[in-house]
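Down below is the structure, laid out as structure tokens.
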Amino acid sequence: MGCGKSTVGRAVAGELGFEFVDTDTLVEEAAGKPVSEVFASAGEEGFRKLESEAIASLETRRGFVIATGGGAVTFSGNLASLKRHALVVCLWAGAEALHDRTKHQTHRPLLQQENPLEVIRALLVEREPHYKKADVIINTEHRPQRVIIAQVKHQFEESSGGGTSTDSSALS
């Protein structure tokens with residue numbers, strides 16, 4: 001969270017002529033309430049179940065840039081599902097950078113704790129082995145968004161042989 005998946009994803013989708021979809025939005029639509037309320041009522045486990053269902057629903061669709069939640073690839077089957085139909089790109093930043101980007105945001109349930117920087121550090125340690133399984137890892141620290149967008153687009157075009165009509169890209 002805070003690495004730029006939604007912002008970069010929207011821009012890349014626009015440049016590729018794809019649609020953009022955020023799995024958090026799909027979860028909210030399925031649950032009929034915001035992610036923060038899903039966490040409050042069903043906990044992380046309930047949220048992750050809905051997130052997994054959202055990811056599975058995208059498997060047969062093409063021409064999308066998909067932004068997943070930062071923990072999506074740590075749950076059974078999600079990464080495999082994404083890899084079946086999309087180039088999986090991990091946007092990476094260190095704990096301090098992520099904390100700086102998210103410290104004033106109140107819509108991130110996992111960070112609504114006493115020491116969010118420590119939470120971010122712990123999440124990165126837990127998630128890093130999963131992130132390393134992405135097809136491409138791009139560091140987003142100290143780089144303009146336009147450079148990150150261009151790199152994601154380039155990686156996608158390279159992976160699809162220049163053809164962009166039937167494939168998808170997923171940002172985790």
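In the structure tokens, the first chain shown is A, the next is B, and so on; residue numbers restart at 1 for each chain, and ligands run from 1 in the order shown.
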
Helix (DSSP H, G or I) positions in chain A, given as JSON, numbers by chain: {"A": [5, 6, 7, 8, 9, 10, 11, 12, 13, 14, 15, 16, 23, 24, 25, 26, 27, 28, 29, 30, 31, 35, 36, 37, 38, 39, 40, 41, 42, 43, 44, 45, 46, 47, 48, 49, 50, 51, 52, 53, 54, 55, 56, 57, 72, 73, 74, 78, 79, 80, 81, 82, 83, 84, 85, 95, 96, 97, 98, 99, 100, 101, 102, 109, 110, 111, 116, 117, 118, 119, 120, 121, 122, 123, 124, 125, 126, 127, 128, 129, 130, 131, 145, 146, 147, 148, 149, 150, 151, 152, 153, 154, 155, 156, 157, 158, 159]}

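The residue set within 8 Å of Asp135 in chain A, counting only C-alpha atoms and dropping same-chain residues fewer than 6 places from it, reads Leu87, Val88, Val89 and Cys90 of chain A.
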
Contacts of range 38-52 of chain A within 8 Å, only C-alpha atoms, excl. fewer than 6 positions in-chain, as an NGL selection string: :A and (23-24 or 26-28 or 30-31 or 72 or 75 or 77-78 or 109)

For the residues in the current selection, export N, CA and C atoms as an mmCIF file, in the first residue's frame.
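To be explicit, this is the file written out as result-v9.cif:
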data_model
loop_
_atom_site.group_PDB
_atom_site.id
_atom_site.type_symbol
_atom_site.label_atom_id
_atom_site.label_comp_id
_atom_site.auth_asym_id
_atom_site.auth_seq_id
_atom_site.Cartn_x
_atom_site.Cartn_y
_atom_site.Cartn_z
ATOM 1 N N THR A 23 -8.911 -4.288 -7.453
ATOM 2 C CA THR A 23 -9.617 -5.366 -6.755
ATOM 3 C C THR A 23 -10.316 -4.858 -5.496
ATOM 4 N N ASP A 24 -9.800 -3.792 -4.884
ATOM 5 C CA ASP A 24 -10.502 -3.221 -3.725
ATOM 6 C C ASP A 24 -11.897 -2.724 -4.131
ATOM 7 N N LEU A 26 -13.709 -3.935 -6.582
ATOM 8 C CA LEU A 26 -14.535 -5.131 -6.783
ATOM 9 C C LEU A 26 -15.016 -5.699 -5.448
ATOM 10 N N VAL A 27 -14.146 -5.681 -4.438
ATOM 11 C CA VAL A 27 -14.530 -6.148 -3.103
ATOM 12 C C VAL A 27 -15.635 -5.257 -2.547
ATOM 13 N N GLU A 28 -15.477 -3.954 -2.686
ATOM 14 C CA GLU A 28 -16.495 -3.030 -2.181
ATOM 15 C C GLU A 28 -17.833 -3.240 -2.874
ATOM 16 N N ALA A 30 -18.900 -6.066 -4.241
ATOM 17 C CA ALA A 30 -19.446 -7.356 -3.801
ATOM 18 C C ALA A 30 -20.013 -7.267 -2.387
ATOM 19 N N ALA A 31 -19.325 -6.536 -1.523
ATOM 20 C CA ALA A 31 -19.738 -6.447 -0.123
ATOM 21 C C ALA A 31 -20.794 -5.368 0.109
ATOM 22 N N ALA A 72 -2.571 -9.333 -1.551
ATOM 23 C CA ALA A 72 -3.306 -10.290 -2.393
ATOM 24 C C ALA A 72 -2.458 -11.483 -2.804
ATOM 25 N N PHE A 75 -1.900 -14.817 -0.560
ATOM 26 C CA PHE A 75 -2.955 -15.774 -0.250
ATOM 27 C C PHE A 75 -3.117 -16.805 -1.355
ATOM 28 N N GLY A 77 -3.467 -19.199 -4.159
ATOM 29 C CA GLY A 77 -4.072 -19.188 -5.482
ATOM 30 C C GLY A 77 -4.097 -17.849 -6.196
ATOM 31 N N ASN A 78 -3.990 -16.725 -5.482
ATOM 32 C CA ASN A 78 -4.123 -15.431 -6.141
ATOM 33 C C ASN A 78 -3.003 -15.172 -7.147
ATOM 34 N N PRO A 109 -6.987 0.156 6.539
ATOM 35 C CA PRO A 109 -7.284 -0.513 7.806
ATOM 36 C C PRO A 109 -6.061 -1.124 8.501
#

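Ranking A:Arg101, A:His85, A:Arg146, A:His154 by their shortest atom-to-atom distance to Ala11 in chain A, with only C-alpha atoms included, puts A:Arg146 first.
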
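On the backbone of this structure, DSSP gives strand (DSSP E or B) within chain A to Glu19, Phe20, Val21, Asp22, Phe64, Val65, Ile66, Ala67, Ala86, Leu87, Val88, Val89, Cys90, Leu91, Trp92, Val136, Ile137, Ile138, Asn139, Ser168, Ser169, Ala170 and Leu171 of chain A.
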